[in-house]
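Everything below concerns the one structure shown next.
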Amino acid sequence: MSAEYEPVTVSLGPLPECHDEEKTYDLKGNDKVSSGAKEVLVYAFVTTHGEGEFQRGYYEISTAAKDGKKFTQYMNVATGQGVKAVNSANLWLPIGDGKLNVKLVHSEGKKSIACKTDEHKDWSEVFIIGYRA
């Protein structure tokens, strides 16, 4: 018998915005995901912009088991002169040690890929949108 899906909405915060920046989010630090959860459904979106030539990069999104085994999935991002892009992903990941790690790998270097203005600061976000126990 398979575990039943439980929908929830938990905002974890924005994605990293510069190359090699990494963020860690707590998957268990809320009252909406059961302490018995084995998997989480993560939704992430990003709105990007850039300068110069068209370039691709990616977010490495992962959890790890208590024994150190890493479970990784990826979300593509693009930047370039005149390019504004929106991308998103829905990812099932084992809850493992209870941490979600996200790293941006992109050739923009230390420049931000975030497409944000004073009016639009919500250029990216990571959510837990469900789990299975």
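Naming scheme: A, B, ... for chains in displayed order of the structure tokens; residues 1 onward per chain; ligands 1 onward as shown.
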
Task: Selection: 9 Å around Glu4 (chain A), only C-alpha atoms, excl. self and same-chain fewer than 3 positions, as a ChimeraX atom specification - done: /A:131-133

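Around Ser107 (chain A), within 10 Å and counting only C-alpha atoms, the residues found are Cys18, His19, Asp20, Gln55, Arg56, Gly57, Tyr58 and Thr79 of chain A, once anything fewer than 6 positions away on its own chain is removed.
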
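Pairwise distance (CA of Val33 (chain A), CA of Val8 (chain A)) equals 7.4 Å.
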
Open item on the list: With only C-alpha atoms as the counted atoms, please give the residues lying no more than 10 Å from Pro16 (chain A), apart from itself and same-chain residues fewer than 3 positions off, as a list in words.
Closed with: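 Near Pro16 (chain A), the qualifying residues are Gly13, His19, Asp20, Glu21, Glu22, Lys23, Thr24, Val46, Tyr59, Val102, Lys103, Leu104, Val105, Ser112, Ile113, Ala114, Ser124 and Glu125 of chain A.
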
Dump as a compact mmCIF listing (two decimals), in the first residue's frame, selection limited to all heavy atoms:
# COMPACT_ATOMS: atom_id res chain seq x y z
N GLY A 13 11.54 30.22 1.58
CA GLY A 13 12.34 31.42 1.32
C GLY A 13 12.85 31.49 -0.10
O GLY A 13 12.56 30.61 -0.93
N HIS A 19 26.31 32.83 -8.42
CA HIS A 19 27.05 31.59 -8.65
C HIS A 19 27.73 31.11 -7.37
O HIS A 19 28.30 31.88 -6.63
CB HIS A 19 28.11 31.81 -9.74
CG HIS A 19 29.07 30.66 -9.86
ND1 HIS A 19 28.67 29.42 -10.33
CD2 HIS A 19 30.37 30.55 -9.53
CE1 HIS A 19 29.72 28.60 -10.32
NE2 HIS A 19 30.76 29.26 -9.84
N ASP A 20 27.62 29.83 -7.13
CA ASP A 20 28.26 29.14 -6.02
C ASP A 20 27.63 29.45 -4.66
O ASP A 20 28.09 28.97 -3.64
CB ASP A 20 29.76 29.43 -5.97
CG ASP A 20 30.57 28.16 -5.88
OD1 ASP A 20 30.01 27.08 -6.14
OD2 ASP A 20 31.77 28.24 -5.55
N GLU A 21 26.57 30.27 -4.65
CA GLU A 21 25.86 30.54 -3.40
C GLU A 21 25.02 29.32 -3.07
O GLU A 21 24.41 28.71 -3.94
CB GLU A 21 24.98 31.78 -3.54
CG GLU A 21 24.27 32.18 -2.28
CD GLU A 21 23.36 33.39 -2.46
OE1 GLU A 21 23.41 34.03 -3.54
OE2 GLU A 21 22.59 33.68 -1.55
N GLU A 22 24.98 28.97 -1.80
CA GLU A 22 24.21 27.81 -1.37
C GLU A 22 23.35 28.20 -0.17
O GLU A 22 23.78 28.97 0.68
CB GLU A 22 25.15 26.67 -0.98
CG GLU A 22 24.45 25.38 -0.72
CD GLU A 22 25.40 24.18 -0.65
OE1 GLU A 22 26.60 24.35 -0.91
OE2 GLU A 22 24.92 23.09 -0.35
N LYS A 23 22.13 27.68 -0.15
CA LYS A 23 21.22 27.90 0.98
C LYS A 23 20.73 26.56 1.48
O LYS A 23 20.55 25.62 0.69
CB LYS A 23 20.03 28.78 0.58
CG LYS A 23 20.41 30.22 0.31
CD LYS A 23 19.19 31.08 0.15
CE LYS A 23 19.61 32.53 -0.02
NZ LYS A 23 18.45 33.42 -0.04
N THR A 24 20.48 26.50 2.76
CA THR A 24 19.92 25.30 3.39
C THR A 24 18.61 25.68 4.07
O THR A 24 18.55 26.68 4.78
CB THR A 24 20.91 24.71 4.41
OG1 THR A 24 22.13 24.38 3.74
CG2 THR A 24 20.34 23.46 5.06
N VAL A 46 11.89 30.63 -10.24
CA VAL A 46 12.90 31.68 -10.34
C VAL A 46 12.60 32.55 -11.56
O VAL A 46 12.15 32.06 -12.60
CB VAL A 46 14.32 31.08 -10.43
CG1 VAL A 46 14.50 30.22 -11.67
CG2 VAL A 46 15.39 32.16 -10.37
N TYR A 59 20.18 25.13 -10.85
CA TYR A 59 20.12 24.96 -9.41
C TYR A 59 20.26 23.47 -9.12
O TYR A 59 19.59 22.64 -9.74
CB TYR A 59 18.79 25.46 -8.85
CG TYR A 59 18.72 26.95 -8.74
CD1 TYR A 59 18.09 27.71 -9.71
CD2 TYR A 59 19.29 27.61 -7.66
CE1 TYR A 59 18.03 29.09 -9.61
CE2 TYR A 59 19.24 28.99 -7.55
CZ TYR A 59 18.61 29.72 -8.53
OH TYR A 59 18.56 31.09 -8.43
N VAL A 102 20.22 23.91 -1.60
CA VAL A 102 20.08 24.45 -2.95
C VAL A 102 21.33 25.27 -3.27
O VAL A 102 21.69 26.18 -2.52
CB VAL A 102 18.83 25.34 -3.08
CG1 VAL A 102 18.71 25.87 -4.50
CG2 VAL A 102 17.57 24.56 -2.69
N LYS A 103 21.96 24.94 -4.40
CA LYS A 103 23.17 25.65 -4.84
C LYS A 103 22.98 26.11 -6.27
O LYS A 103 22.49 25.36 -7.11
CB LYS A 103 24.38 24.72 -4.76
CG LYS A 103 25.67 25.37 -5.19
CD LYS A 103 26.83 24.41 -5.06
CE LYS A 103 28.12 25.05 -5.49
NZ LYS A 103 29.25 24.13 -5.37
N LEU A 104 23.38 27.36 -6.56
CA LEU A 104 23.33 27.89 -7.92
C LEU A 104 24.68 27.72 -8.58
O LEU A 104 25.70 28.14 -8.04
CB LEU A 104 22.94 29.38 -7.91
CG LEU A 104 22.96 30.08 -9.28
CD1 LEU A 104 22.00 29.42 -10.27
CD2 LEU A 104 22.62 31.56 -9.12
N VAL A 105 24.68 27.10 -9.77
CA VAL A 105 25.88 26.95 -10.58
C VAL A 105 25.63 27.72 -11.87
O VAL A 105 24.74 27.35 -12.66
CB VAL A 105 26.19 25.46 -10.89
CG1 VAL A 105 27.40 25.33 -11.78
CG2 VAL A 105 26.36 24.69 -9.59
N SER A 112 24.31 38.98 -9.54
CA SER A 112 23.02 38.38 -9.26
C SER A 112 22.28 38.07 -10.56
O SER A 112 22.33 38.85 -11.51
CB SER A 112 22.17 39.35 -8.43
OG SER A 112 20.85 38.88 -8.34
N ILE A 113 21.62 36.92 -10.60
CA ILE A 113 20.76 36.58 -11.74
C ILE A 113 19.31 36.94 -11.46
O ILE A 113 18.44 36.75 -12.30
CB ILE A 113 20.86 35.08 -12.13
CG1 ILE A 113 20.28 34.19 -11.03
CG2 ILE A 113 22.29 34.70 -12.46
CD1 ILE A 113 20.02 32.77 -11.47
N ALA A 114 19.04 37.48 -10.26
CA ALA A 114 17.67 37.77 -9.84
C ALA A 114 17.07 38.90 -10.66
O ALA A 114 17.70 39.92 -10.87
CB ALA A 114 17.65 38.16 -8.37
N SER A 124 11.95 34.83 -6.63
CA SER A 124 12.08 33.37 -6.48
C SER A 124 11.52 32.96 -5.13
O SER A 124 11.39 33.78 -4.22
CB SER A 124 13.55 32.94 -6.57
OG SER A 124 14.25 33.30 -5.39
N GLU A 125 11.22 31.68 -5.04
CA GLU A 125 10.79 31.15 -3.75
C GLU A 125 10.81 29.62 -3.82
O GLU A 125 10.70 29.02 -4.89
CB GLU A 125 9.39 31.63 -3.37
CG GLU A 125 9.10 31.40 -1.91
CD GLU A 125 8.16 32.43 -1.32
OE1 GLU A 125 7.70 33.34 -2.03
OE2 GLU A 125 7.86 32.30 -0.13

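Distances to Phe127 (chain A) were evaluated for A:Asp31, A:Asp67, A:Asp26, A:Glu60 using only C-alpha atoms, and the minimum falls at A:Asp26.
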
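The two atoms in question, CA of Lys69 (chain A) and CA of Asp97 (chain A), are spaced 10.2 Å apart.
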
Counting only C-alpha atoms, which residues of region 65-99 of chain A fall within 12 Å of region 34-45 of chain A, and what is the closest atom pair for each with its distance in Å at one decimal, ordered by chain and rising number, as JSON lines?
{"residue": "A:Ala65", "atom": "CA", "partner": "A:Lys38", "partner_atom": "CA", "distance": 10.8}
{"residue": "A:Phe71", "atom": "CA", "partner": "A:Glu39", "partner_atom": "CA", "distance": 11.4}
{"residue": "A:Gln73", "atom": "CA", "partner": "A:Val42", "partner_atom": "CA", "distance": 10.9}
{"residue": "A:Tyr74", "atom": "CA", "partner": "A:Ala44", "partner_atom": "CA", "distance": 10.7}
{"residue": "A:Met75", "atom": "CA", "partner": "A:Ala44", "partner_atom": "CA", "distance": 8.6}
{"residue": "A:Asn76", "atom": "CA", "partner": "A:Phe45", "partner_atom": "CA", "distance": 10.4}
{"residue": "A:Val77", "atom": "CA", "partner": "A:Phe45", "partner_atom": "CA", "distance": 10.0}
{"residue": "A:Ala85", "atom": "CA", "partner": "A:Phe45", "partner_atom": "CA", "distance": 10.5}
{"residue": "A:Val86", "atom": "CA", "partner": "A:Phe45", "partner_atom": "CA", "distance": 7.2}
{"residue": "A:Asn87", "atom": "CA", "partner": "A:Phe45", "partner_atom": "CA", "distance": 5.7}
{"residue": "A:Ser88", "atom": "CA", "partner": "A:Phe45", "partner_atom": "CA", "distance": 4.1}
{"residue": "A:Ala89", "atom": "CA", "partner": "A:Ala44", "partner_atom": "CA", "distance": 5.5}
{"residue": "A:Asn90", "atom": "CA", "partner": "A:Tyr43", "partner_atom": "CA", "distance": 4.6}
{"residue": "A:Leu91", "atom": "CA", "partner": "A:Val42", "partner_atom": "CA", "distance": 5.1}
{"residue": "A:Trp92", "atom": "CA", "partner": "A:Leu41", "partner_atom": "CA", "distance": 4.5}
{"residue": "A:Leu93", "atom": "CA", "partner": "A:Glu39", "partner_atom": "CA", "distance": 5.5}
{"residue": "A:Pro94", "atom": "CA", "partner": "A:Glu39", "partner_atom": "CA", "distance": 4.2}
{"residue": "A:Ile95", "atom": "CA", "partner": "A:Glu39", "partner_atom": "CA", "distance": 4.9}
{"residue": "A:Gly96", "atom": "CA", "partner": "A:Lys38", "partner_atom": "CA", "distance": 7.4}
{"residue": "A:Asp97", "atom": "CA", "partner": "A:Lys38", "partner_atom": "CA", "distance": 10.2}
{"residue": "A:Gly98", "atom": "CA", "partner": "A:Lys38", "partner_atom": "CA", "distance": 9.6}
{"residue": "A:Lys99", "atom": "CA", "partner": "A:Val40", "partner_atom": "CA", "distance": 10.9}

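The interatomic distance for the pair CA of His106 (chain A) and CA of Val10 (chain A) works out to 27.1 Å.
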
TODO: Could you please write out, as a PyMOL selection string, every residue of region 14-113 of chain A that DSSP assigns to strand (DSSP E)?
DONE: chain A and resi 22-26+39-49+55-64+70-79+84-94+99-105
